[in-house]
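The next block is my_file37.cif, given as mmCIF, C-alpha atoms and all ligand atoms.
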```cif
data_final
#
loop_
_atom_site.group_PDB
_atom_site.id
_atom_site.type_symbol
_atom_site.label_atom_id
_atom_site.label_comp_id
_atom_site.auth_asym_id
_atom_site.auth_seq_id
_atom_site.Cartn_x
_atom_site.Cartn_y
_atom_site.Cartn_z
ATOM 1 C CA MET T 1 0.000 0.000 0.000
ATOM 2 C CA LYS T 2 1.262 3.472 -0.832
ATOM 3 C CA LYS T 3 2.445 5.323 2.267
ATOM 4 C CA ILE T 4 1.314 8.940 2.408
ATOM 5 C CA ALA T 5 3.367 11.321 4.514
ATOM 6 C CA PRO T 6 1.236 13.101 7.157
ATOM 7 C CA ALA T 7 0.506 16.701 6.239
ATOM 8 C CA VAL T 8 2.289 19.612 7.847
ATOM 9 C CA PRO T 9 -0.111 22.164 9.406
ATOM 10 C CA HIS T 10 -1.070 24.771 6.831
ATOM 11 C CA HIS T 11 -1.452 27.501 9.473
ATOM 12 C CA ILE T 12 0.418 27.657 12.796
ATOM 13 C CA ALA T 13 -0.457 30.250 15.451
ATOM 14 C CA ILE T 14 1.957 30.943 18.316
ATOM 15 C CA VAL T 15 1.679 32.736 21.660
ATOM 16 C CA MET T 16 5.367 33.624 22.013
ATOM 17 C CA ASP T 17 5.508 33.592 25.814
ATOM 18 C CA GLY T 18 8.412 33.459 28.265
ATOM 19 C CA ASN T 19 10.741 36.252 27.126
ATOM 20 C CA GLY T 20 10.653 37.987 30.504
ATOM 21 C CA ARG T 21 11.515 34.829 32.448
ATOM 22 C CA TRP T 22 14.289 34.004 29.992
ATOM 23 C CA ALA T 23 15.894 37.391 30.734
ATOM 24 C CA THR T 24 15.263 37.341 34.491
ATOM 25 C CA ARG T 25 16.962 33.941 34.784
ATOM 26 C CA ARG T 26 20.047 35.515 33.246
ATOM 27 C CA PHE T 27 19.870 38.607 35.493
ATOM 28 C CA LEU T 28 19.091 40.708 32.419
ATOM 29 C CA PRO T 29 16.363 43.347 31.987
ATOM 30 C CA ARG T 30 13.090 41.948 30.584
ATOM 31 C CA VAL T 31 13.565 43.887 27.340
ATOM 32 C CA ALA T 32 16.697 41.782 26.666
ATOM 33 C CA GLY T 33 14.367 38.790 26.618
ATOM 34 C CA HIS T 34 12.112 40.460 24.069
ATOM 35 C CA LYS T 35 15.168 41.203 21.930
ATOM 36 C CA GLN T 36 16.101 37.544 22.051
ATOM 37 C CA GLY T 37 12.465 36.796 21.205
ATOM 38 C CA VAL T 38 12.866 38.617 17.889
ATOM 39 C CA GLU T 39 15.828 36.334 17.069
ATOM 40 C CA SER T 40 13.720 33.318 17.912
ATOM 41 C CA LEU T 41 10.912 34.565 15.656
ATOM 42 C CA ARG T 42 13.301 35.022 12.748
ATOM 43 C CA ARG T 43 14.512 31.429 13.195
ATOM 44 C CA CYS T 44 10.925 30.176 13.464
ATOM 45 C CA VAL T 45 9.830 31.972 10.280
ATOM 46 C CA LYS T 46 12.684 30.387 8.319
ATOM 47 C CA ALA T 47 11.934 26.970 9.792
ATOM 48 C CA CYS T 48 8.225 27.226 8.953
ATOM 49 C CA ALA T 49 8.973 28.261 5.371
ATOM 50 C CA ALA T 50 11.438 25.364 5.023
ATOM 51 C CA ARG T 51 8.772 22.919 6.255
ATOM 52 C CA ASP T 52 6.158 24.270 3.841
ATOM 53 C CA VAL T 53 3.927 25.817 6.506
ATOM 54 C CA ARG T 54 2.031 28.467 4.548
ATOM 55 C CA VAL T 55 0.722 30.768 7.297
ATOM 56 C CA LEU T 56 2.313 31.724 10.622
ATOM 57 C CA THR T 57 0.417 33.989 13.028
ATOM 58 C CA VAL T 58 2.244 35.234 16.110
ATOM 59 C CA PHE T 59 1.141 37.137 19.207
ATOM 60 C CA ALA T 60 3.655 39.941 19.724
ATOM 61 C CA PHE T 61 1.754 42.411 21.934
ATOM 62 C CA SER T 62 -1.683 41.972 23.469
ATOM 63 C CA SER T 63 -4.336 44.591 24.196
ATOM 64 C CA GLU T 64 -3.619 43.792 27.857
ATOM 65 C CA ASN T 65 0.169 44.236 27.631
ATOM 66 C CA TRP T 66 -0.304 48.038 27.965
ATOM 67 C CA ASN T 67 -0.716 47.272 31.674
ATOM 68 C CA ARG T 68 3.000 46.412 32.002
ATOM 69 C CA PRO T 69 5.551 48.836 33.461
ATOM 70 C CA VAL T 70 6.069 51.866 31.180
ATOM 71 C CA GLU T 71 9.754 51.038 30.541
ATOM 72 C CA GLU T 72 8.823 47.601 29.267
ATOM 73 C CA VAL T 73 6.028 48.938 27.046
ATOM 74 C CA SER T 74 8.268 51.606 25.541
ATOM 75 C CA GLY T 75 11.062 49.035 25.121
ATOM 76 C CA LEU T 76 8.677 46.777 23.214
ATOM 77 C CA MET T 77 7.533 49.658 20.984
ATOM 78 C CA GLU T 78 11.138 50.621 20.184
ATOM 79 C CA LEU T 79 11.990 47.020 19.459
ATOM 80 C CA MET T 80 9.084 46.754 17.022
ATOM 81 C CA VAL T 81 10.027 49.934 15.160
ATOM 82 C CA GLY T 82 13.664 48.779 15.008
ATOM 83 C CA ALA T 83 12.735 45.281 13.844
ATOM 84 C CA LEU T 84 10.521 46.718 11.084
ATOM 85 C CA GLY T 85 13.463 48.683 9.699
ATOM 86 C CA ARG T 86 15.959 45.822 9.979
ATOM 87 C CA GLU T 87 14.049 42.640 9.270
ATOM 88 C CA VAL T 88 11.636 43.489 6.465
ATOM 89 C CA PRO T 89 14.096 43.401 3.515
ATOM 90 C CA LYS T 90 15.406 39.983 4.646
ATOM 91 C CA LEU T 91 11.922 38.607 5.209
ATOM 92 C CA SER T 92 10.889 39.830 1.789
ATOM 93 C CA GLN T 93 13.882 38.089 0.168
ATOM 94 C CA ASP T 94 12.717 34.877 1.814
ATOM 95 C CA GLY T 95 9.271 35.259 0.215
ATOM 96 C CA VAL T 96 7.423 36.319 3.380
ATOM 97 C CA ARG T 97 4.269 38.428 3.106
ATOM 98 C CA LEU T 98 3.628 40.487 6.244
ATOM 99 C CA HIS T 99 0.305 41.484 7.753
ATOM 100 C CA PHE T 100 -0.064 43.397 11.007
ATOM 101 C CA ILE T 101 -3.209 42.565 12.909
ATOM 102 C CA GLY T 102 -4.518 44.709 15.736
ATOM 103 C CA GLU T 103 -5.788 48.116 16.805
ATOM 104 C CA ARG T 104 -3.615 50.800 15.230
ATOM 105 C CA GLY T 105 -5.119 53.667 17.184
ATOM 106 C CA GLY T 106 -2.781 54.214 20.133
ATOM 107 C CA LEU T 107 0.351 53.304 18.145
ATOM 108 C CA SER T 108 2.851 56.009 17.181
ATOM 109 C CA ASP T 109 2.764 57.560 13.694
ATOM 110 C CA LYS T 110 6.250 56.214 13.082
ATOM 111 C CA MET T 111 5.141 52.715 13.966
ATOM 112 C CA ILE T 112 2.011 52.896 11.793
ATOM 113 C CA ALA T 113 4.064 54.159 8.841
ATOM 114 C CA GLY T 114 6.472 51.237 9.374
ATOM 115 C CA LEU T 115 3.647 48.689 9.452
ATOM 116 C CA VAL T 116 2.059 50.039 6.271
ATOM 117 C CA GLN T 117 5.418 50.200 4.496
ATOM 118 C CA ALA T 118 6.257 46.606 5.478
ATOM 119 C CA GLU T 119 2.882 45.348 4.264
ATOM 120 C CA THR T 120 3.222 47.172 0.946
ATOM 121 C CA ALA T 121 6.831 46.098 0.401
ATOM 122 C CA THR T 122 6.008 42.400 0.904
ATOM 123 C CA ALA T 123 2.548 42.303 -0.708
ATOM 124 C CA HIS T 124 3.802 40.368 -3.763
ATOM 125 C CA ASN T 125 5.366 37.518 -1.745
ATOM 126 C CA THR T 126 3.739 34.093 -1.744
ATOM 127 C CA ARG T 127 5.941 31.626 0.166
ATOM 128 C CA LEU T 128 4.715 32.291 3.709
ATOM 129 C CA VAL T 129 2.118 34.672 5.140
ATOM 130 C CA LEU T 130 3.332 36.072 8.478
ATOM 131 C CA ASN T 131 0.583 37.706 10.543
ATOM 132 C CA VAL T 132 2.036 39.692 13.425
ATOM 133 C CA CYS T 133 -0.644 40.402 16.034
ATOM 134 C CA PHE T 134 0.287 43.644 17.724
ATOM 135 C CA ASN T 135 -2.054 45.502 20.051
ATOM 136 C CA TYR T 136 -4.399 42.589 19.357
ATOM 137 C CA GLY T 137 -7.064 40.888 21.424
ATOM 138 C CA GLY T 138 -9.473 38.152 20.381
ATOM 139 C CA ARG T 139 -12.405 40.014 21.924
ATOM 140 C CA TRP T 140 -11.383 43.220 20.152
ATOM 141 C CA ASP T 141 -11.389 41.282 16.884
ATOM 142 C CA ILE T 142 -14.886 39.827 17.409
ATOM 143 C CA ALA T 143 -16.377 43.104 18.662
ATOM 144 C CA ARG T 144 -14.854 45.032 15.765
ATOM 145 C CA ALA T 145 -16.206 42.568 13.203
ATOM 146 C CA ALA T 146 -19.676 42.793 14.760
ATOM 147 C CA ALA T 147 -19.529 46.596 14.781
ATOM 148 C CA GLN T 148 -18.534 46.643 11.104
ATOM 149 C CA LEU T 149 -21.496 44.450 10.157
ATOM 150 C CA ALA T 150 -23.860 46.538 12.247
ATOM 151 C CA ALA T 151 -22.587 49.753 10.622
ATOM 152 C CA ARG T 152 -23.168 48.237 7.171
ATOM 153 C CA GLY T 153 -26.595 46.939 8.184
ATOM 154 C CA GLU T 154 -25.569 43.338 7.472
ATOM 155 C CA PRO T 155 -26.990 40.425 9.468
ATOM 156 C CA LEU T 156 -24.751 39.047 12.229
ATOM 157 C CA THR T 157 -24.396 35.581 10.753
ATOM 158 C CA GLU T 158 -21.463 33.279 11.372
ATOM 159 C CA ALA T 159 -20.306 33.578 7.754
ATOM 160 C CA ASN T 160 -20.546 37.388 7.757
ATOM 161 C CA LEU T 161 -18.659 37.627 11.050
ATOM 162 C CA ASP T 162 -15.992 35.263 9.784
ATOM 163 C CA ALA T 163 -15.491 37.425 6.695
ATOM 164 C CA ALA T 164 -15.183 40.580 8.819
ATOM 165 C CA MET T 165 -12.575 39.164 11.217
ATOM 166 C CA ALA T 166 -8.971 40.333 11.074
ATOM 167 C CA LEU T 167 -7.663 36.992 9.729
ATOM 168 C CA ALA T 168 -10.261 36.641 6.954
ATOM 169 C CA HIS T 169 -7.409 36.485 4.409
ATOM 170 C CA VAL T 170 -6.205 33.088 5.687
ATOM 171 C CA PRO T 171 -7.822 29.788 6.735
ATOM 172 C CA ASP T 172 -8.184 29.099 10.476
ATOM 173 C CA PRO T 173 -5.104 27.922 12.396
ATOM 174 C CA ASP T 174 -4.528 24.159 12.413
ATOM 175 C CA LEU T 175 -1.996 24.179 15.231
ATOM 176 C CA PHE T 176 -1.999 26.625 18.165
ATOM 177 C CA ILE T 177 1.279 26.640 20.090
ATOM 178 C CA ARG T 178 1.953 28.414 23.369
ATOM 179 C CA THR T 179 5.466 28.439 24.787
ATOM 180 C CA GLY T 180 6.482 29.382 28.321
ATOM 181 C CA GLY T 181 4.545 26.688 30.177
ATOM 182 C CA GLU T 182 1.231 28.516 30.717
ATOM 183 C CA GLN T 183 -1.826 26.692 29.444
ATOM 184 C CA ARG T 184 -4.201 29.531 28.565
ATOM 185 C CA LEU T 185 -5.272 31.473 25.492
ATOM 186 C CA SER T 186 -4.740 34.989 26.917
ATOM 187 C CA ASN T 187 -7.270 36.441 24.448
ATOM 188 C CA PHE T 188 -5.501 35.202 21.292
ATOM 189 C CA LEU T 189 -7.526 34.173 18.206
ATOM 190 C CA LEU T 190 -10.632 33.242 20.205
ATOM 191 C CA TRP T 191 -12.870 32.999 17.148
ATOM 192 C CA GLN T 192 -10.372 31.445 14.739
ATOM 193 C CA SER T 193 -9.074 28.706 17.062
ATOM 194 C CA ALA T 194 -12.420 26.897 17.321
ATOM 195 C CA TYR T 195 -10.870 23.728 15.859
ATOM 196 C CA ALA T 196 -7.145 24.367 16.293
ATOM 197 C CA GLU T 197 -5.090 21.616 17.903
ATOM 198 C CA LEU T 198 -3.580 23.054 21.082
ATOM 199 C CA TYR T 199 0.065 22.407 21.964
ATOM 200 C CA PHE T 200 1.778 23.743 25.082
ATOM 201 C CA SER T 201 5.558 23.807 25.385
ATOM 202 C CA ASP T 202 7.501 24.420 28.592
ATOM 203 C CA LYS T 203 10.292 25.996 26.578
ATOM 204 C CA LEU T 204 10.577 29.760 26.932
ATOM 205 C CA TRP T 205 10.066 31.534 23.603
ATOM 206 C CA PRO T 206 13.747 32.498 23.084
ATOM 207 C CA GLU T 207 14.621 28.788 23.419
ATOM 208 C CA PHE T 208 11.969 27.530 21.010
ATOM 209 C CA ASP T 209 14.180 26.223 18.192
ATOM 210 C CA GLU T 210 13.738 24.076 15.062
ATOM 211 C CA ALA T 211 13.726 20.853 17.079
ATOM 212 C CA ALA T 212 10.974 22.230 19.346
ATOM 213 C CA LEU T 213 8.947 23.231 16.281
ATOM 214 C CA ASP T 214 9.403 19.743 14.840
ATOM 215 C CA ASP T 215 8.172 18.236 18.130
ATOM 216 C CA ALA T 216 5.048 20.416 17.934
ATOM 217 C CA ILE T 217 4.404 19.462 14.305
ATOM 218 C CA ALA T 218 4.947 15.773 15.101
ATOM 219 C CA ALA T 219 2.448 16.013 17.988
ATOM 220 C CA PHE T 220 -0.043 17.656 15.621
ATOM 221 C CA GLN T 221 0.420 14.842 13.104
ATOM 222 C CA ARG T 222 -0.494 12.274 15.758
ATOM 223 C CA ARG T 223 -3.820 13.983 16.521
ATOM 224 C CA GLU T 224 -7.111 12.901 15.006
ATOM 225 C CA ARG T 225 -9.184 15.917 13.980
ATOM 226 C CA ARG T 226 -12.762 14.798 14.186
ATOM 227 C CA TYR T 227 -14.732 18.050 13.829
ATOM 228 C CA GLY T 228 -17.620 16.554 15.760
ATOM 229 C CA GLN T 229 -17.635 13.242 13.908
ATOM 230 C CA THR T 230 -16.624 9.829 15.279
ATOM 231 C CA SER T 231 -13.392 7.998 14.582
ATOM 232 C CA GLU T 232 -15.344 5.336 12.712
ATOM 233 C CA GLN T 233 -16.874 7.917 10.400
ATOM 234 C CA LEU T 234 -13.433 9.136 9.478
ATOM 235 C CA GLY T 235 -12.680 5.577 8.295
ATOM 236 C CA ALA T 236 -9.633 3.385 8.399
ATOM 237 C CA VAL T 237 -7.496 6.031 6.741
ATOM 238 C CA GLY T 238 -6.422 8.735 9.210
ATOM 239 C CA PRO T 239 -7.848 12.228 8.649
ATOM 240 C CA ARG T 240 -4.443 13.687 7.869
ATOM 241 C CA ASP T 241 -3.787 10.982 5.281
ATOM 242 C CA GLN T 242 -7.142 11.787 3.691
ATOM 243 C CA GLN T 243 -6.140 15.418 3.577
ATOM 244 C CA ALA T 244 -2.842 14.571 1.882
ATOM 245 C CA ALA T 245 -4.444 12.176 -0.612
HETATM 246 C C1 LIG T 301 5.913 37.296 25.929
HETATM 247 O O1 LIG T 301 6.844 37.153 26.936
HETATM 248 C C2 LIG T 301 6.104 38.558 25.144
HETATM 249 C C3 LIG T 301 5.112 39.617 25.420
HETATM 250 C C4 LIG T 301 4.077 39.481 26.164
HETATM 251 C C5 LIG T 301 5.345 40.900 24.785
HETATM 252 P P1 LIG T 301 6.571 37.702 28.398
HETATM 253 O O2 LIG T 301 7.151 39.074 28.488
HETATM 254 O O3 LIG T 301 5.151 37.578 28.754
HETATM 255 O O4 LIG T 301 7.461 36.704 29.253
HETATM 256 P P2 LIG T 301 7.114 36.148 30.698
HETATM 257 O O5 LIG T 301 5.810 35.424 30.588
HETATM 258 O O6 LIG T 301 7.052 37.316 31.620
HETATM 259 O O7 LIG T 301 8.262 35.232 30.991
HETATM 260 C C1 LIG T 302 0.357 36.727 25.916
HETATM 261 O O1 LIG T 302 1.347 36.614 26.885
HETATM 262 C C2 LIG T 302 0.670 37.857 24.986
HETATM 263 C C3 LIG T 302 1.854 37.709 24.134
HETATM 264 C C4 LIG T 302 2.645 36.657 24.058
HETATM 265 C C5 LIG T 302 2.125 38.833 23.297
HETATM 266 P P1 LIG T 302 1.187 37.265 28.327
HETATM 267 O O2 LIG T 302 2.429 36.919 29.073
HETATM 268 O O3 LIG T 302 0.875 38.698 28.212
HETATM 269 O O4 LIG T 302 -0.071 36.499 28.913
HETATM 270 P P2 LIG T 302 -0.560 36.367 30.434
HETATM 271 O O5 LIG T 302 -0.594 37.749 30.987
HETATM 272 O O6 LIG T 302 0.450 35.510 31.144
HETATM 273 O O7 LIG T 302 -1.887 35.702 30.345
HETATM 274 MG MG MG T 303 4.093 36.090 29.691
#
```

Starting from the coordinates I provided, produce the structure as structure tokens.
Amino acid sequence: MKKIAPAVPHHIAIVMDGNGRWATRRFLPRVAGHKQGVESLRRCVKACAARDVRVLTVFAFSSENWNRPVEEVSGLMELMVGALGREVPKLSQDGVRLHFIGERGGLSDKMIAGLVQAETATAHNTRLVLNVCFNYGGRWDIARAAAQLAARGEPLTEANLDAAMALAHVPDPDLFIRTGGEQRLSNFLLWQSAYAELYFSDKLWPEFDEAALDDAIAAFQRRERRYGQTSEQLGAVGPRDQQAA
């Protein structure tokens, strides 16, 4: 019988958690952990592209992260502006298309200009879609979609809401990873993760390397996605094999 390789997740979503603890353990300021987190993201983007993952969505700054100490918030903002300037040309060379997801009101003009420029400069790329969720919250996303429909006088159906959500340009995540040991969603992709496979890693985000990503993908490939059906209904062939066939 022909052996079909199990499919790699099309869309991976990641809560990149644990930067602060990574830094604190090294007696460094928390911002040093976030800096290291950018390195880890770069490595992860390359690894996803190499494994033929087509969409990567990462949580970089939550609506709730404004409640952190001012030095940390301003450090994170500076890091983002700096990363936009430095990383975008390289990402574009690697075929990455960038989207920034989140509330832009409240961000600096410089930051907004950087986000728009990065999106425009990478709009033609097709290898990997990278959605960076910045000043994002899952509840914000749902409420905003509902408000848009209401303003347009459209009925609040599931399909209409889905089309108005911030990630309407990509299919829902298949694999939802959270690093840093916490097992919670922290308001990330509440609507879109309805059928995502959840995977929690104890590794802190700066330590989440290619091998850790491969472990997560391997765990995903062992899952049976039933979408409400029974195992028997899915048949003798595993759901992932069906998908690949
Ligand atoms: C995640 O790392 C990055 C952001 C929230 C910006 P944390 O900064 O939450 O790291 P820990 O959880 O304190 O270790
Ligand atoms: C979630 O991490 C947000 C990001 C990774 C950007 P947090 O560290 O902010 O989440 P909580 O506060 O532990 O739930
Ligand atoms: Mg955290």

**OP:** Quick one: apply the PyMOL selection byres (((chain T and resi 35-49) around 8) and not hetatm) to the file and drop the selected residues here as a list of chain:residue names.
**Re:** T:Met16, T:Asn19, T:Val31, T:Ala32, T:Gly33, T:His34, T:Ala50, T:Arg51, T:Asp52, T:Val53, T:Arg54, T:Leu56, T:Leu79, T:Ala83, T:Asp94, T:Arg127, T:Leu128, T:Leu130, T:Trp205, T:Pro206, T:Glu207, T:Phe208, T:Asp209, T:Glu210, T:Leu213

Atoms kept (C-alpha atoms) for selection, written as a PDB file, in the frame of the given file:
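Okay, this is what ended up in out_31.pdb:
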```
ATOM      1  CA  MET T  16       5.367  33.624  22.013  1.00  0.00           C
ATOM      2  CA  ASN T  19      10.741  36.252  27.126  1.00  0.00           C
ATOM      3  CA  VAL T  31      13.565  43.887  27.340  1.00  0.00           C
ATOM      4  CA  ALA T  32      16.697  41.782  26.666  1.00  0.00           C
ATOM      5  CA  GLY T  33      14.367  38.790  26.618  1.00  0.00           C
ATOM      6  CA  HIS T  34      12.112  40.460  24.069  1.00  0.00           C
ATOM      7  CA  ALA T  50      11.438  25.364   5.023  1.00  0.00           C
ATOM      8  CA  ARG T  51       8.772  22.919   6.255  1.00  0.00           C
ATOM      9  CA  ASP T  52       6.158  24.270   3.841  1.00  0.00           C
ATOM     10  CA  VAL T  53       3.927  25.817   6.506  1.00  0.00           C
ATOM     11  CA  ARG T  54       2.031  28.467   4.548  1.00  0.00           C
ATOM     12  CA  LEU T  56       2.313  31.724  10.622  1.00  0.00           C
ATOM     13  CA  LEU T  79      11.990  47.020  19.459  1.00  0.00           C
ATOM     14  CA  ALA T  83      12.735  45.281  13.844  1.00  0.00           C
ATOM     15  CA  ASP T  94      12.717  34.877   1.814  1.00  0.00           C
ATOM     16  CA  ARG T 127       5.941  31.626   0.166  1.00  0.00           C
ATOM     17  CA  LEU T 128       4.715  32.291   3.709  1.00  0.00           C
ATOM     18  CA  LEU T 130       3.332  36.072   8.478  1.00  0.00           C
ATOM     19  CA  TRP T 205      10.066  31.534  23.603  1.00  0.00           C
ATOM     20  CA  PRO T 206      13.747  32.498  23.084  1.00  0.00           C
ATOM     21  CA  GLU T 207      14.621  28.788  23.419  1.00  0.00           C
ATOM     22  CA  PHE T 208      11.969  27.530  21.010  1.00  0.00           C
ATOM     23  CA  ASP T 209      14.180  26.223  18.192  1.00  0.00           C
ATOM     24  CA  GLU T 210      13.738  24.076  15.062  1.00  0.00           C
ATOM     25  CA  LEU T 213       8.947  23.231  16.281  1.00  0.00           C
TER      26      LEU T 213
END
```

**OP:** Give the residues close to ligand LIG 302 (chain T), within 10 Å, counting all atoms listed in the file; write them as a count of residues only.
**Re:** 37

Per-axis box centre and lengths in Å around ligand LIG 301 (chain T), 8 Å margin per side, axis-aligned, as lines of an AutoDock Vina configuration file:
```
center_x = 6.2
center_y = 38.1
center_z = 28.2
size_x = 20.2
size_y = 21.7
size_z = 22.8
```

**OP:** Extract, using all atoms listed in the file, all DNA, RNA and protein residues at most 8 Å from Ala118 (chain T), discarding same-chain residues fewer than 3 positions from it, and format them as a count of residues only.
**Re:** 7

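The two atoms in question, CA of Glu71 (chain T) and CA of Gly102 (chain T), are spaced 21.5 Å apart.
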
**OP:** Measuring atom to atom with only C-alpha atoms, identify which of T:Ala216, T:Ala143, T:Leu204, T:Ala159 is nearest to Leu175 (chain T).
**Re:** T:Ala216

With all heavy atoms as the target, complete region 112-120 of chain T and hand it back as a JSON list (two decimals), in the frame of the given file.
```json
[["chain", "number", "residue", "atom", "x", "y", "z"],
["T", 112, "ILE", "N", 3.05, 53.17, 12.80],
["T", 112, "ILE", "CA", 2.01, 52.90, 11.79],
["T", 112, "ILE", "C", 2.60, 52.98, 10.38],
["T", 112, "ILE", "O", 2.35, 52.11, 9.54],
["T", 112, "ILE", "CB", 0.80, 53.85, 11.97],
["T", 112, "ILE", "CG1", 0.13, 53.59, 13.32],
["T", 112, "ILE", "CG2", -0.22, 53.66, 10.83],
["T", 112, "ILE", "CD1", -0.89, 54.63, 13.75],
["T", 113, "ALA", "N", 3.44, 54.01, 10.16],
["T", 113, "ALA", "CA", 4.06, 54.16, 8.84],
["T", 113, "ALA", "C", 4.92, 52.92, 8.53],
["T", 113, "ALA", "O", 4.91, 52.41, 7.41],
["T", 113, "ALA", "CB", 4.92, 55.43, 8.80],
["T", 114, "GLY", "N", 5.62, 52.43, 9.54],
["T", 114, "GLY", "CA", 6.47, 51.24, 9.37],
["T", 114, "GLY", "C", 5.65, 50.00, 9.04],
["T", 114, "GLY", "O", 6.04, 49.20, 8.18],
["T", 115, "LEU", "N", 4.51, 49.85, 9.70],
["T", 115, "LEU", "CA", 3.65, 48.69, 9.45],
["T", 115, "LEU", "C", 3.12, 48.72, 8.02],
["T", 115, "LEU", "O", 3.17, 47.71, 7.30],
["T", 115, "LEU", "CB", 2.45, 48.66, 10.43],
["T", 115, "LEU", "CG", 2.74, 48.66, 11.94],
["T", 115, "LEU", "CD1", 1.42, 48.60, 12.72],
["T", 115, "LEU", "CD2", 3.62, 47.50, 12.34],
["T", 116, "VAL", "N", 2.64, 49.90, 7.61],
["T", 116, "VAL", "CA", 2.06, 50.04, 6.27],
["T", 116, "VAL", "C", 3.13, 49.78, 5.21],
["T", 116, "VAL", "O", 2.92, 49.05, 4.23],
["T", 116, "VAL", "CB", 1.43, 51.45, 6.09],
["T", 116, "VAL", "CG1", 0.98, 51.68, 4.65],
["T", 116, "VAL", "CG2", 0.24, 51.63, 7.05],
["T", 117, "GLN", "N", 4.32, 50.36, 5.45],
["T", 117, "GLN", "CA", 5.42, 50.20, 4.50],
["T", 117, "GLN", "C", 5.81, 48.72, 4.36],
["T", 117, "GLN", "O", 6.02, 48.22, 3.25],
["T", 117, "GLN", "CB", 6.59, 51.06, 4.97],
["T", 117, "GLN", "CG", 7.57, 51.45, 3.88],
["T", 117, "GLN", "CD", 8.72, 50.47, 3.79],
["T", 117, "GLN", "OE1", 9.06, 49.83, 4.78],
["T", 117, "GLN", "NE2", 9.29, 50.32, 2.60],
["T", 118, "ALA", "N", 5.87, 48.03, 5.49],
["T", 118, "ALA", "CA", 6.26, 46.61, 5.48],
["T", 118, "ALA", "C", 5.21, 45.77, 4.74],
["T", 118, "ALA", "O", 5.55, 44.86, 3.98],
["T", 118, "ALA", "CB", 6.43, 46.10, 6.90],
["T", 119, "GLU", "N", 3.95, 46.10, 4.94],
["T", 119, "GLU", "CA", 2.88, 45.35, 4.26],
["T", 119, "GLU", "C", 2.94, 45.58, 2.75],
["T", 119, "GLU", "O", 2.80, 44.65, 1.96],
["T", 119, "GLU", "CB", 1.51, 45.76, 4.81],
["T", 119, "GLU", "CG", 1.26, 45.20, 6.20],
["T", 119, "GLU", "CD", -0.09, 45.58, 6.80],
["T", 119, "GLU", "OE1", -0.68, 46.59, 6.34],
["T", 119, "GLU", "OE2", -0.54, 44.88, 7.72],
["T", 120, "THR", "N", 3.17, 46.84, 2.37],
["T", 120, "THR", "CA", 3.22, 47.17, 0.95],
["T", 120, "THR", "C", 4.43, 46.52, 0.29],
["T", 120, "THR", "O", 4.33, 45.93, -0.79],
["T", 120, "THR", "CB", 3.30, 48.72, 0.77],
["T", 120, "THR", "OG1", 2.28, 49.30, 1.58],
["T", 120, "THR", "CG2", 3.09, 49.13, -0.67]]
```
